[in-house]
Amino acid sequence: MIDLKFLRENPDRVRSSQIARGEDPTLVESVIAADEARRTAIAEFEALRAEQNTLSKAVGAAAKEDRPALLETSKALAEKVKGADTAKSAAEERVREILLNLSNVVEEDVPVGGEADFKIIEHVGTPREFSFEPKDHVELGKILGAIDTERGAKVSGARFYYLTGVGALLEFALVNMAISQAGAAGFIPVIPPVLVKPSAMEGTGFLGQAAENVFHLEKDDFYLVGTSEVPLAAYHMDEILPANKLPLRYAGYSSCFRREAGSYGKDTRGIIRVHQFDKVEMFSFCPPEEAEAEHRRLLQWEKDFLNAIEVPYRVIDVATGDLGSSAARKFDCEAWIPTQNAYREVTSTSNCTEFQARRLNIRMKDENGTRPIATLNGTLCALPRIIVAILENHQQEDGSVRVPKALVPFLGGREVLTPVSA
RNA sequence: GGAGGACUCGCCUAGUGGCCGAUGGCGUCGGUCUUGAAAACCGAUAUAGGGAAACCUAUCGUGGGUUCGAAUCCCACGUCCUCCGCCA
């Protein structure tokens, strides 16, 4: 949710942000009009209410014989107050409704355009030249006894999989490596709930344009989170955080669930796009004026992790039209996937400024009083995709896979993953 | 799932229809005293909204209701605690 006052004072900023995103700029006018109506309604209600309050006091103080007359007027007034109250609530609700449909205001130098209009910030590492025909991760997963997509489909359907043997071990190793890296950077490790109430889902902005991609348990009105960003952001819902504790950084490890509606036919092979996967996510609460710097730090930690697993990747500045509604800016890291001859998104970091915090009613307190706080998130390690990147980039001709140096200690000293006998 | 009990301003607490935005203590902040500190004493100490301002309005777990008037009465829900049953 963007700030009403900011919108009132900078309608043009908001309008151009909406246009850059390819979203409706006329919402700005709607909010301003609704806000006018709201303020009028509030003034009316409050005037009546004040009158009623004084009158009510008079009733209590009045002599017995004067009461009936006073009660007469009071009763009539009570009716009016009720009406004005309803009108006020409706007007406020109206403003909120429109406000919730407005996306966050994008940062000034974000590239404008759609999904394809991202700007490449840098390339790190060079795609390897293979002296043999590289196998894809599905095949490697089979050879290593690490990934079983067939049985995943048998048991749960398309886009499900089992990680087995060395595949499961690889997940544990990567999670431990991620958590230990995060811990060194001051993140508090967290294992959050993955079923959340609508308020948490809505507060983080996932019930808007992203709604079709979340699993909903209708009977119990729970949502399955698509990322631990949700329970991490909502962790401090309705709280005021003291400034001297900021930035507060959390590293959440959880399963993530995504319906992948509208992606039929995309990435149907393998575990690039699945309904359920595990992820270590960084989340940060910090003062708004530090958000941009914090965003850069999150990006750096993502790069550190990718550097540690020794895969080539590039960093892109995601274009306005491809940002989530909460994000003012987003950087993606895309790892090189040899068999696709392409860079594919493996991590992503967003600066949500005060947008999420305002919806979740999270504020900070310093000597100048309470004010909104900024929230940021970034993927440290999305398991399946990182596993894909490792298997495909470090494979050897015989189907074995070299373990990146940094990961070796987390795999009990194992330096190579070797094919299991058939 | 069943039976009870609780929920008040950072914490603890007073408050059963108008004098209550709300008592007192603790904590915190400022001051007096002191070389400094402690103690003692004095004072301050919620949030949001409307208004140019004076000031006004809302908030006692949440939402409804009764009433001229609700922290206080009624209903529903939520959370926590205790006991019973079931269970990884």
# chains A, B, ... in the order shown; residues from 1 in each chain; ligands from 1
call {"tool": "residues_around", "arguments": {"residues": "region 237-241 of chain A", "least_positions_apart": "5", "cutoff": "8 Å", "atoms": "only C-alpha atoms (C1' of nucleotides)", "output": "VMD selection string"}}
result
chain A and resid 246 357 360 to 365 370
call {"tool": "interface_residues", "arguments": {"of": "chain B", "to": "chain A", "cutoff": "9 Å", "atoms": "only C-alpha atoms (C1' of nucleotides)", "output": "ChimeraX atom specification"}}
result
/B:18,49-51,56-57,68-69
call {"tool": "atom_distance", "arguments": {"atom1": "CA of Glu260 (chain A)", "atom2": "CA of Ala168 (chain A)"}}
result
23.6 Å
call {"tool": "select_by_dssp", "arguments": {"residues": "region 128-342 of chain A", "states": "strand (DSSP E)", "output": "VMD selection string"}}
result
chain A and resid 147 to 148 162 to 163 188 to 190 195 to 196 215 to 217 222 to 224 240 to 242 248 to 257 276 to 286 313 to 317 329 to 337 342
call {"tool": "residues_around", "arguments": {"residues": "G43 (chain B)", "least_positions_apart": "5", "cutoff": "12 Å", "atoms": "only C-alpha atoms (C1' of nucleotides)", "output": "PyMOL selection string"}}
result
chain B and resi 29-32
call {"tool": "write_last_selection", "arguments": {"atoms": "N, CA and C atoms (P, O5', C5', C4', C3', O3' and C1' of nucleotides)", "output": "PDB file, in the first residue's frame"}}
result
ATOM      1  P     C B  29      16.262   6.155  30.576  1.00  0.00           P
ATOM      2  O5'   C B  29      15.618   7.556  30.182  1.00  0.00           O
ATOM      3  C5'   C B  29      15.457   7.917  28.818  1.00  0.00           C
ATOM      4  C4'   C B  29      14.635   9.175  28.717  1.00  0.00           C
ATOM      5  C3'   C B  29      15.115  10.347  29.563  1.00  0.00           C
ATOM      6  O3'   C B  29      16.180  11.042  28.964  1.00  0.00           O
ATOM      7  C1'   C B  29      12.796  10.101  29.854  1.00  0.00           C
ATOM      8  P     G B  30      17.259  11.790  29.919  1.00  0.00           P
ATOM      9  O5'   G B  30      16.465  13.053  30.477  1.00  0.00           O
ATOM     10  C5'   G B  30      16.193  14.154  29.613  1.00  0.00           C
ATOM     11  C4'   G B  30      15.339  15.165  30.326  1.00  0.00           C
ATOM     12  C3'   G B  30      15.919  15.716  31.630  1.00  0.00           C
ATOM     13  O3'   G B  30      16.899  16.707  31.414  1.00  0.00           O
ATOM     14  C1'   G B  30      13.652  15.164  31.950  1.00  0.00           C
ATOM     15  P     G B  31      18.059  16.897  32.542  1.00  0.00           P
ATOM     16  O5'   G B  31      17.268  17.526  33.766  1.00  0.00           O
ATOM     17  C5'   G B  31      16.768  18.865  33.672  1.00  0.00           C
ATOM     18  C4'   G B  31      15.936  19.190  34.883  1.00  0.00           C
ATOM     19  C3'   G B  31      16.659  19.197  36.217  1.00  0.00           C
ATOM     20  O3'   G B  31      17.365  20.409  36.418  1.00  0.00           O
ATOM     21  C1'   G B  31      14.625  18.034  36.449  1.00  0.00           C
ATOM     22  P     U B  32      18.649  20.432  37.395  1.00  0.00           P
ATOM     23  O5'   U B  32      17.983  20.306  38.833  1.00  0.00           O
ATOM     24  C5'   U B  32      17.226  21.387  39.384  1.00  0.00           C
ATOM     25  C4'   U B  32      16.777  21.028  40.779  1.00  0.00           C
ATOM     26  C3'   U B  32      17.893  20.616  41.722  1.00  0.00           C
ATOM     27  O3'   U B  32      18.531  21.750  42.300  1.00  0.00           O
ATOM     28  C1'   U B  32      16.116  19.063  41.886  1.00  0.00           C
TER      29        U B  32
END
call {"tool": "closest_residue", "arguments": {"among": "B:C42, B:A6, B:G25, B:G65", "to": "U79 (chain B)", "atoms": "only C-alpha atoms (C1' of nucleotides)"}}
result
B:A6
call {"tool": "atom_distance", "arguments": {"atom1": "CA of Cys256 (chain A)", "atom2": "CA of Ile191 (chain A)"}}
result
12.2 Å
call {"tool": "closest_residue", "arguments": {"among": "A:Ile386, A:Ala243, A:Ala90, A:Leu391", "to": "Pro419 (chain A)", "atoms": "only C-alpha atoms"}}
result
A:Leu391
call {"tool": "closest_residue", "arguments": {"among": "A:Ile143, A:Phe132, A:Arg258, A:Ile188", "to": "Ala211 (chain A)", "atoms": "only C-alpha atoms"}}
result
A:Arg258
call {"tool": "atom_distance", "arguments": {"atom1": "CA of Leu224 (chain A)", "atom2": "CA of Pro192 (chain A)"}}
result
11.8 Å
call {"tool": "closest_atom_pairs", "arguments": {"of": "region 42-157 of chain A", "to": "region 288-309 of chain A", "cutoff": "10 Å", "atoms": "only C-alpha atoms", "output": "JSON lines"}}
result
{"residue": "A:Glu107", "atom": "CA", "partner": "A:Glu292", "partner_atom": "CA", "distance": 9.5}
{"residue": "A:Val124", "atom": "CA", "partner": "A:Asn307", "partner_atom": "CA", "distance": 8.4}
{"residue": "A:Gly125", "atom": "CA", "partner": "A:Asn307", "partner_atom": "CA", "distance": 8.7}
call {"tool": "write_last_selection", "arguments": {"atoms": "N, CA, C and O atoms", "output": "PDB file, in the first residue's frame"}}
result
ATOM      1  N   GLU A 107      11.340   2.550  -8.439  1.00  0.00           N
ATOM      2  CA  GLU A 107      12.526   3.392  -8.283  1.00  0.00           C
ATOM      3  C   GLU A 107      12.792   4.091  -9.606  1.00  0.00           C
ATOM      4  O   GLU A 107      12.496   3.565 -10.674  1.00  0.00           O
ATOM      5  N   VAL A 124      29.041 -12.880 -14.646  1.00  0.00           N
ATOM      6  CA  VAL A 124      30.088 -13.413 -13.777  1.00  0.00           C
ATOM      7  C   VAL A 124      30.395 -14.836 -14.234  1.00  0.00           C
ATOM      8  O   VAL A 124      29.492 -15.663 -14.349  1.00  0.00           O
ATOM      9  N   GLY A 125      31.668 -15.096 -14.513  1.00  0.00           N
ATOM     10  CA  GLY A 125      32.052 -16.425 -14.985  1.00  0.00           C
ATOM     11  C   GLY A 125      31.730 -16.595 -16.468  1.00  0.00           C
ATOM     12  O   GLY A 125      31.023 -15.772 -17.063  1.00  0.00           O
TER      13      GLY A 125
END
call {"tool": "closest_residue", "arguments": {"among": "A:Gly152, A:Asp12, A:Leu170, A:Gly22", "to": "Pro409 (chain A)", "atoms": "only C-alpha atoms"}}
result
A:Leu170
call {"tool": "residues_around", "arguments": {"residues": "region 86-88 of chain B", "least_positions_apart": "2", "cutoff": "12 Å", "atoms": "only C-alpha atoms (C1' of nucleotides)", "output": "PyMOL selection string"}}
result
chain B and resi 1-2+84
call {"tool": "closest_residue", "arguments": {"among": "B:G5, B:G10, B:G78, B:G64", "to": "G27 (chain B)", "atoms": "only C-alpha atoms (C1' of nucleotides)"}}
result
B:G10
